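Asks: The structure follows.
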Amino acid sequence: MHIFLFLLFGLLCAGGAINLLIQRKPINSALSLIVVMGSLALIYLLLGAEFVAVVQVIIYAGAIMVLFIFVIMLLNAGEEEHTKGSKVAKIIGIPGLITGFIIGVSVLLQHGPQEKRIHIGELYGSASDVGMMLFTKYLLAFELTSVLVLIAIMGAVVLARRSHSS
Amino acid sequence: MSVLTFLIVAVIKIAITLGVLLTVVAYTVWLERKVVGHMQNRWGPSRVGPFGLLQPLADGIKFLLKEDLTPPYVEKHIYLIAPVIALVMALTSIALIPIGPVVHLFGISTPIQITGVVGATGQPGDIDAGLLIVLGITSLGVYGIALAGWSSNSKYSLLGSLRASAQMISYEVSLGLSLVGVLLMSSTLSLRGIVDAQLGTWFGFIPQWFLFRGQFIAFFIYLMAAFAETNRVPFDLPEAETELVAGYHTEYSAMKFAMFFMAEYANMVTVACIASVMFLGGWSGPPMPFLPAAVQAFLPLIWFLLRVFFFLFLYIWIRGTLPRFRYDQLMAFGWKFLFPLALANVIVTAFFVAIRA
């Protein structure tokens with residue numbers, strides 16, 4: 001059951017990602033990105049990382065993508081033009097992608113951490129577990145990230161002010 | 001409990017909840033028309049059945065039989081799927097709400113909550129991050145409105161949905177923050193756990209609701225943010241009929257319009273349920289030992305429904321009382337008043353919780 005659901009959502013995720021690239025209308029691309037985010041959240045849920053899954057939905061699908069769609073609606077962006085792509089990319093691209101994939105998977109399977117491999121449904125990621133980790137083991141990284149976000153917000157405010165006054 | 005019984009019980013619970021929810025939605029519309037009518041010195045619906053009680057049925061038949069127009073200039077796929085998104089998200093979130101304690105029927109015990117199960121020890125179990133899932137699902141509901149406005153290809157719809165998405169994102173922040181105080185005090189995210197934390201009383205009669213345990217300001221922040229989240233008066237700018245015809249659903253007719261309408265009222269019910277669970281102690285109520293046992297089994301449900309009814313009535317009452325905000329006032333109120341207040345509430349609550357720990 002777990003493996004079936006994993007394959008289903010994995011395929012949905014990959015399909016959404018491909019559709020995102022193929023679609024010409026920005027709004028359709030944005031909608032496919034929401035599908036990708038949603039199926040990623042469900043895969044997290046399958047792994048047992050409940051909190052991360054919900055946060056993925058609230059932040060990415062519920063807030064950031066709404067802003068994406070908001071901007072697309074505001075600009076009323078039309079169809080984008082696709083170039084035909086270079087010949088080199090067509091000839092080397094697909095074989096290169098396949099070899100890269102095969103090498104990556106075989107390296108991971110042979111040299112990855114064998115005894116620590118996590119199986120589906122094994123993790124237990126409740127909100128309190130994640131919170132404890134954030135405020136003990138990963139405190140420095142957490143605080144530094146929050147400072148980084150603060151700087152980004154301040155930068156956005158400064159830029160918005162400047163264009164307003166001139 | 002075997003898988004088969006689990007499935008059967010789940011399906012029965014879903015069917016009952018959905019039926020009750022849709023009935024409540026239909027009769028909230030009736031109640032709104034009736035109450036607002038009386039407030040404005042009119043009768044409200046009074047022709048179909050006694051006191052107009054069959055009016056929701058007549059409305060439903062009308063919505064189903066009306067011509068289903070799809071204007072030629074719309075983005076067809078998105079136009080058709082937008083009302084479905086709005087309604088599905090509105091109806092799904094009710095599944096997480098714990099409506100009552102464990103009931104024992106035909107040798108099966110199960111909590112009155114779609115996502116709740118009884119564990120091996122006989123204790124009712126709940127999803128660990130239940131509240132966050134409700135917030136996540138309701139935050140996806142904005143897509144229905146945003147996409148409806150965009151795909152309609154009409155300036156009124158677009159303006160309405162732009163307003164709706166900006167407003168819902170802005171007020172979601174205050175809404176989430178106003179709940180953090182309660183979470184700090186109950187130290188759980190499970191909705192059932194939050195209700196369990198409020199079941200006691202002081203001196204035998206003052207209930208230990210979080211509303212009376214210092215979350216007074218948070219309750220009012222939640223109420224105001226919830227009104228904005230559900231696009232109700234005084235925050236109903238997305239469908240301001242004086243400026244925008246009907247806002248985001250201008251181009252929708254018949255059942256597709258009714259789906260938006262039902263989604264709005266179902267969202268009102270969900271928001272009322274969350275308010276009851278978070279601040280008013282869920283299904284807790286005074287024991288009534290003088291009643292027969294069969295009636296007593298239903299008491300928690302009645303207490304819960306009374307709270308929900310109170311909030312729904314409050315919605316209607318305020319609709320009959322207050323005028324609409326101006327758009328800049330709405331944004332200033334949300335970001336410059338509600339948001340700092342909610343933040344201050346979180347800090348003060350955290351301080352007191354830390355002292356007590």
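Here's how to read the names in the structure tokens: chain A, B, ... by the order shown, residue numbers from 1 in each chain, ligand numbers from 1 in the order shown.
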If we count only C-alpha atoms, which residues of chain A reach to within 8 Å of chain B? Please list them as a PyMOL selection string.
Replies: chain A and resi 50-51+54-55+57-58+61-63+66+69-70+73-74+126-127
Asks: Kindly export the residues of the current selection with all heavy atoms, as a compact mmCIF listing (two decimals), in the first residue's frame.
Replies:
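Below is the file out05.txt, written as the result:
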# COMPACT_ATOMS: atom_id res chain seq x y z
N GLU A 50 5.10 14.23 9.50
CA GLU A 50 3.80 14.88 9.46
C GLU A 50 3.92 16.40 9.45
O GLU A 50 3.33 17.10 8.62
CB GLU A 50 3.06 14.44 10.72
CG GLU A 50 1.58 14.41 10.61
CD GLU A 50 1.03 13.80 11.89
OE1 GLU A 50 0.93 14.52 12.90
OE2 GLU A 50 0.72 12.62 11.88
N PHE A 51 4.74 16.91 10.37
CA PHE A 51 4.85 18.35 10.53
C PHE A 51 5.40 19.00 9.26
O PHE A 51 4.87 20.00 8.77
CB PHE A 51 5.74 18.65 11.73
CG PHE A 51 5.90 20.11 12.02
CD1 PHE A 51 4.82 20.83 12.51
CD2 PHE A 51 7.09 20.76 11.79
CE1 PHE A 51 4.95 22.18 12.77
CE2 PHE A 51 7.22 22.10 12.05
CZ PHE A 51 6.15 22.81 12.55
N VAL A 54 2.74 19.21 6.53
CA VAL A 54 1.73 20.26 6.70
C VAL A 54 2.33 21.63 6.44
O VAL A 54 1.73 22.48 5.78
CB VAL A 54 1.12 20.18 8.11
CG1 VAL A 54 0.07 21.23 8.25
CG2 VAL A 54 0.53 18.83 8.36
N VAL A 55 3.56 21.82 6.93
CA VAL A 55 4.21 23.12 6.73
C VAL A 55 4.46 23.35 5.24
O VAL A 55 4.30 24.46 4.74
CB VAL A 55 5.51 23.18 7.55
CG1 VAL A 55 6.36 24.34 7.12
CG2 VAL A 55 5.18 23.31 9.02
N VAL A 57 2.56 22.35 2.83
CA VAL A 57 1.30 22.78 2.22
C VAL A 57 1.01 24.24 2.62
O VAL A 57 0.69 25.07 1.78
CB VAL A 57 0.14 21.87 2.66
CG1 VAL A 57 -1.18 22.46 2.23
CG2 VAL A 57 0.31 20.50 2.06
N ILE A 58 1.14 24.55 3.92
CA ILE A 58 0.75 25.90 4.37
C ILE A 58 1.63 26.95 3.72
O ILE A 58 1.15 27.95 3.19
CB ILE A 58 0.83 26.00 5.91
CG1 ILE A 58 -0.22 25.11 6.55
CG2 ILE A 58 0.63 27.43 6.35
CD1 ILE A 58 -0.21 25.17 8.04
N ALA A 61 2.31 25.82 -0.83
CA ALA A 61 1.09 25.81 -1.63
C ALA A 61 0.14 26.91 -1.19
O ALA A 61 -0.54 27.52 -2.00
CB ALA A 61 0.41 24.44 -1.52
N GLY A 62 0.08 27.19 0.12
CA GLY A 62 -0.94 28.11 0.62
C GLY A 62 -0.53 29.56 0.60
O GLY A 62 -1.39 30.43 0.58
N ALA A 63 0.76 29.85 0.65
CA ALA A 63 1.16 31.26 0.73
C ALA A 63 1.99 31.69 -0.47
O ALA A 63 1.63 32.62 -1.21
CB ALA A 63 1.92 31.52 2.02
N VAL A 66 0.24 31.30 -3.83
CA VAL A 66 -0.84 32.28 -3.98
C VAL A 66 -0.25 33.61 -4.43
O VAL A 66 -0.81 34.30 -5.30
CB VAL A 66 -1.61 32.44 -2.65
CG1 VAL A 66 -2.63 33.54 -2.77
CG2 VAL A 66 -2.29 31.15 -2.28
N ILE A 69 0.54 33.41 -8.13
CA ILE A 69 -0.66 33.55 -8.95
C ILE A 69 -1.17 34.97 -8.90
O ILE A 69 -1.61 35.54 -9.91
CB ILE A 69 -1.73 32.53 -8.46
CG1 ILE A 69 -1.27 31.15 -8.86
CG2 ILE A 69 -3.10 32.85 -9.01
CD1 ILE A 69 -2.31 30.11 -8.86
N PHE A 70 -1.05 35.58 -7.73
CA PHE A 70 -1.43 36.98 -7.57
C PHE A 70 -0.66 37.86 -8.55
O PHE A 70 -1.24 38.70 -9.25
CB PHE A 70 -1.10 37.39 -6.12
CG PHE A 70 -1.59 38.74 -5.73
CD1 PHE A 70 -2.91 38.92 -5.40
CD2 PHE A 70 -0.74 39.81 -5.70
CE1 PHE A 70 -3.37 40.16 -5.04
CE2 PHE A 70 -1.19 41.06 -5.34
CZ PHE A 70 -2.51 41.23 -5.00
N MET A 73 -1.74 37.23 -12.11
CA MET A 73 -3.02 37.88 -12.37
C MET A 73 -2.86 39.38 -12.52
O MET A 73 -3.47 40.03 -13.38
CB MET A 73 -3.99 37.59 -11.23
CG MET A 73 -4.67 36.25 -11.35
SD MET A 73 -5.57 35.68 -9.91
CE MET A 73 -5.98 37.12 -9.06
N LEU A 74 -2.00 39.96 -11.69
CA LEU A 74 -1.82 41.41 -11.68
C LEU A 74 -1.17 41.87 -12.97
O LEU A 74 -1.55 42.89 -13.56
CB LEU A 74 -0.95 41.78 -10.48
CG LEU A 74 -1.15 43.16 -9.89
CD1 LEU A 74 -2.57 43.31 -9.43
CD2 LEU A 74 -0.20 43.37 -8.74
N SER A 126 6.94 14.53 14.54
CA SER A 126 5.88 15.37 15.09
C SER A 126 6.42 16.78 15.29
O SER A 126 7.62 17.02 15.22
CB SER A 126 5.38 14.80 16.40
OG SER A 126 6.33 15.03 17.40
N ALA A 127 5.50 17.72 15.54
CA ALA A 127 5.88 19.12 15.68
C ALA A 127 6.86 19.29 16.84
O ALA A 127 7.83 20.05 16.73
CB ALA A 127 4.63 19.96 15.90
Asks: Within 10 Å of Gly125 in chain A, counting only C-alpha atoms, which residues qualify if same-chain residues fewer than 5 places away don't, as a VMD selection string?
Replies: (chain A and resid 44 to 45 47 to 53 130 to 131) or (chain B and resid 128)
Asks: Do you know which residues are at most 12 Å from Gln215 in chain B counting only C-alpha atoms, after dropping those on the same chain fewer than 5 positions away, and could you put them as a PyMOL selection string?
Replies: chain B and resi 177-186+208-210+220-222+275+278-280+342+344-346+348-350+352
Asks: Tell me, as an MDAnalysis selection string, which residues lie within 10 Å of Gly15 in chain A, counting only C-alpha atoms; anything in the same chain fewer than 6 positions away does not count.
Replies: chainID A and resid 9 32 35:36
Asks: Any chance you can output those residues with N, CA and C atoms as a compact mmCIF listing (two decimals), in the first residue's frame?
Replies:
# COMPACT_ATOMS: atom_id res chain seq x y z
N PHE A 9 2.22 9.21 -5.99
CA PHE A 9 2.52 10.62 -5.76
C PHE A 9 3.84 11.02 -6.41
N SER A 32 0.71 23.81 -12.14
CA SER A 32 1.43 22.54 -12.08
C SER A 32 2.41 22.56 -10.92
N VAL A 35 0.70 21.46 -7.94
CA VAL A 35 0.56 19.99 -7.91
C VAL A 35 1.86 19.36 -7.40
N VAL A 36 3.01 19.88 -7.88
CA VAL A 36 4.30 19.35 -7.43
C VAL A 36 4.44 19.51 -5.93
Asks: Could you check how far CA of Phe216 in chain B sits from CA of Thr321 in chain B, in Å to one decimal?
Replies: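 CA of Thr321 in chain B lies at a distance of 22.9 Å from CA of Phe216 in chain B.
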Asks: Determine, counting only C-alpha atoms, which protein, DNA and RNA residues have an atom within 12 Å of an atom of Gly204 in chain B; residues of the same chain fewer than 5 positions away are not included. Present the result as a VMD selection string.
Replies: chain B and resid 199 285 to 287
Asks: Could you please write out, as a compact mmCIF listing (two decimals) with N, CA and C atoms, in the first residue's frame, every residue of range 248-343 of chain B that DSSP assigns to alpha helix (DSSP H)?
Replies:
# COMPACT_ATOMS: atom_id res chain seq x y z
N ALA B 254 -26.17 29.64 -11.94
CA ALA B 254 -26.78 28.36 -11.53
C ALA B 254 -25.95 27.64 -10.47
N MET B 255 -25.71 26.33 -10.65
CA MET B 255 -25.09 25.52 -9.60
C MET B 255 -23.65 25.94 -9.34
N LYS B 256 -22.96 26.46 -10.36
CA LYS B 256 -21.57 26.87 -10.15
C LYS B 256 -21.50 28.05 -9.19
N PHE B 257 -22.47 28.96 -9.30
CA PHE B 257 -22.54 30.05 -8.34
C PHE B 257 -22.89 29.50 -6.95
N ALA B 258 -23.83 28.54 -6.95
CA ALA B 258 -24.25 27.98 -5.66
C ALA B 258 -23.09 27.30 -4.95
N MET B 259 -22.13 26.75 -5.72
CA MET B 259 -20.98 26.10 -5.09
C MET B 259 -20.13 27.11 -4.33
N PHE B 260 -19.92 28.29 -4.91
CA PHE B 260 -19.19 29.34 -4.18
C PHE B 260 -19.96 29.75 -2.93
N PHE B 261 -21.26 29.85 -3.10
CA PHE B 261 -22.12 30.27 -2.00
C PHE B 261 -22.03 29.27 -0.86
N MET B 262 -22.13 27.95 -1.21
CA MET B 262 -22.05 26.92 -0.19
C MET B 262 -20.67 26.90 0.44
N ALA B 263 -19.62 27.13 -0.38
CA ALA B 263 -18.26 27.13 0.17
C ALA B 263 -18.12 28.21 1.22
N GLU B 264 -18.70 29.40 0.94
CA GLU B 264 -18.57 30.50 1.90
C GLU B 264 -19.23 30.12 3.23
N TYR B 265 -20.43 29.52 3.16
CA TYR B 265 -21.12 29.19 4.41
C TYR B 265 -20.47 28.01 5.11
N ALA B 266 -19.94 27.03 4.33
CA ALA B 266 -19.24 25.92 4.96
C ALA B 266 -17.99 26.42 5.67
N ASN B 267 -17.31 27.40 5.05
CA ASN B 267 -16.14 27.99 5.71
C ASN B 267 -16.53 28.68 7.00
N MET B 268 -17.70 29.34 6.99
CA MET B 268 -18.17 29.97 8.23
C MET B 268 -18.33 28.94 9.32
N VAL B 269 -18.91 27.78 8.96
CA VAL B 269 -19.13 26.73 9.95
C VAL B 269 -17.79 26.23 10.49
N THR B 270 -16.82 25.99 9.58
CA THR B 270 -15.51 25.50 10.03
C THR B 270 -14.86 26.48 10.99
N VAL B 271 -14.90 27.77 10.61
CA VAL B 271 -14.28 28.79 11.45
C VAL B 271 -14.95 28.83 12.82
N ALA B 272 -16.27 28.67 12.83
CA ALA B 272 -17.00 28.66 14.11
C ALA B 272 -16.59 27.45 14.94
N CYS B 273 -16.42 26.27 14.26
CA CYS B 273 -16.01 25.07 14.98
C CYS B 273 -14.64 25.27 15.60
N ILE B 274 -13.70 25.83 14.83
CA ILE B 274 -12.34 26.03 15.35
C ILE B 274 -12.39 26.98 16.54
N ALA B 275 -13.19 28.05 16.44
CA ALA B 275 -13.28 28.99 17.55
C ALA B 275 -13.81 28.28 18.79
N SER B 276 -14.83 27.42 18.62
CA SER B 276 -15.37 26.70 19.77
C SER B 276 -14.33 25.78 20.38
N VAL B 277 -13.57 25.07 19.51
CA VAL B 277 -12.60 24.11 20.01
C VAL B 277 -11.44 24.83 20.70
N MET B 278 -10.98 25.93 20.10
CA MET B 278 -9.78 26.56 20.62
C MET B 278 -10.05 27.41 21.85
N PHE B 279 -11.17 28.12 21.88
CA PHE B 279 -11.37 29.10 22.95
C PHE B 279 -12.51 28.75 23.89
N ALA B 293 -30.64 8.80 30.38
CA ALA B 293 -29.31 8.47 29.87
C ALA B 293 -29.21 8.64 28.36
N ALA B 294 -30.31 8.33 27.65
CA ALA B 294 -30.28 8.44 26.19
C ALA B 294 -30.05 9.88 25.75
N VAL B 295 -30.67 10.82 26.48
CA VAL B 295 -30.50 12.24 26.14
C VAL B 295 -29.10 12.70 26.53
N GLN B 296 -28.62 12.18 27.69
CA GLN B 296 -27.30 12.61 28.16
C GLN B 296 -26.20 12.27 27.17
N ALA B 297 -26.37 11.16 26.43
CA ALA B 297 -25.35 10.78 25.46
C ALA B 297 -25.19 11.84 24.38
N PHE B 298 -26.30 12.55 24.12
CA PHE B 298 -26.24 13.56 23.06
C PHE B 298 -25.85 14.94 23.56
N LEU B 299 -25.71 15.09 24.90
CA LEU B 299 -25.44 16.43 25.44
C LEU B 299 -24.19 17.09 24.85
N PRO B 300 -23.03 16.39 24.76
CA PRO B 300 -21.85 17.05 24.20
C PRO B 300 -22.10 17.61 22.81
N LEU B 301 -22.82 16.81 21.98
CA LEU B 301 -23.14 17.29 20.63
C LEU B 301 -23.96 18.57 20.69
N ILE B 302 -24.93 18.59 21.63
CA ILE B 302 -25.79 19.76 21.72
C ILE B 302 -24.99 20.98 22.17
N TRP B 303 -24.10 20.78 23.17
CA TRP B 303 -23.27 21.92 23.61
C TRP B 303 -22.44 22.44 22.46
N PHE B 304 -21.85 21.52 21.68
CA PHE B 304 -21.01 21.95 20.57
C PHE B 304 -21.82 22.72 19.53
N LEU B 305 -22.99 22.16 19.17
CA LEU B 305 -23.80 22.82 18.15
C LEU B 305 -24.29 24.18 18.63
N LEU B 306 -24.55 24.30 19.95
CA LEU B 306 -24.97 25.60 20.48
C LEU B 306 -23.88 26.65 20.27
N ARG B 307 -22.63 26.26 20.53
CA ARG B 307 -21.52 27.21 20.32
C ARG B 307 -21.44 27.62 18.86
N VAL B 308 -21.54 26.60 17.97
CA VAL B 308 -21.45 26.90 16.54
C VAL B 308 -22.59 27.84 16.14
N PHE B 309 -23.77 27.56 16.67
CA PHE B 309 -24.93 28.41 16.35
C PHE B 309 -24.68 29.84 16.83
N PHE B 310 -24.07 29.98 18.02
CA PHE B 310 -23.77 31.31 18.55
C PHE B 310 -22.89 32.08 17.56
N PHE B 311 -21.83 31.41 17.04
CA PHE B 311 -20.93 32.11 16.13
C PHE B 311 -21.63 32.45 14.82
N LEU B 312 -22.46 31.50 14.33
CA LEU B 312 -23.15 31.78 13.06
C LEU B 312 -24.10 32.96 13.24
N PHE B 313 -24.77 33.01 14.41
CA PHE B 313 -25.67 34.13 14.67
C PHE B 313 -24.89 35.43 14.75
N LEU B 314 -23.68 35.35 15.36
CA LEU B 314 -22.84 36.55 15.46
C LEU B 314 -22.49 37.08 14.07
N TYR B 315 -22.14 36.15 13.15
CA TYR B 315 -21.86 36.54 11.77
C TYR B 315 -23.02 37.34 11.19
N ILE B 316 -24.23 36.79 11.37
CA ILE B 316 -25.41 37.41 10.76
C ILE B 316 -25.69 38.75 11.42
N TRP B 317 -25.58 38.76 12.74
CA TRP B 317 -25.81 39.96 13.53
C TRP B 317 -24.91 41.09 13.03
N ILE B 318 -23.61 40.76 12.87
CA ILE B 318 -22.66 41.79 12.44
C ILE B 318 -22.95 42.20 11.02
N ARG B 319 -23.40 41.25 10.20
CA ARG B 319 -23.74 41.63 8.82
C ARG B 319 -24.87 42.64 8.80
N GLY B 320 -25.82 42.49 9.74
CA GLY B 320 -26.93 43.43 9.78
C GLY B 320 -26.56 44.75 10.43
N THR B 321 -25.36 44.85 11.02
CA THR B 321 -25.03 46.02 11.82
C THR B 321 -23.98 46.91 11.19
N TYR B 327 -10.82 49.75 1.23
CA TYR B 327 -9.75 48.77 1.03
C TYR B 327 -8.48 49.13 1.79
N ASP B 328 -8.09 50.43 1.78
CA ASP B 328 -6.86 50.80 2.50
C ASP B 328 -7.05 50.65 4.01
N GLN B 329 -8.28 50.91 4.49
CA GLN B 329 -8.57 50.71 5.91
C GLN B 329 -8.41 49.25 6.28
N LEU B 330 -8.88 48.37 5.37
CA LEU B 330 -8.78 46.94 5.62
C LEU B 330 -7.34 46.50 5.79
N MET B 331 -6.48 46.95 4.87
CA MET B 331 -5.07 46.55 4.93
C MET B 331 -4.39 47.16 6.16
N ALA B 332 -4.68 48.43 6.44
CA ALA B 332 -4.07 49.08 7.60
C ALA B 332 -4.51 48.38 8.88
N PHE B 339 -2.03 42.55 13.49
CA PHE B 339 -0.79 41.78 13.48
C PHE B 339 0.09 42.09 14.69
N PRO B 340 0.39 43.39 15.00
CA PRO B 340 1.19 43.66 16.20
C PRO B 340 0.51 43.19 17.48
N LEU B 341 -0.81 43.33 17.53
CA LEU B 341 -1.53 42.89 18.73
C LEU B 341 -1.39 41.39 18.92
N ALA B 342 -1.54 40.64 17.82
CA ALA B 342 -1.42 39.18 17.91
C ALA B 342 -0.01 38.79 18.34
N LEU B 343 0.99 39.50 17.80
CA LEU B 343 2.39 39.23 18.14
C LEU B 343 2.62 39.49 19.63
Asks: State, in Å with one decimal place, the distance from CA of Leu7 in chain B to CA of Ile97 in chain B.
Replies: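 Straight-line distance from CA of Leu7 in chain B to CA of Ile97 in chain B works out to 18.8 Å.
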Asks: Leaving out Asn19 in chain A and any residue of its chain fewer than 2 positions from it, which residues lie within 10 Å of it when counting only C-alpha atoms, given as an MDAnalysis selection string?
Replies: chainID A and resid 13:17 21:24 28:29 31:33 36
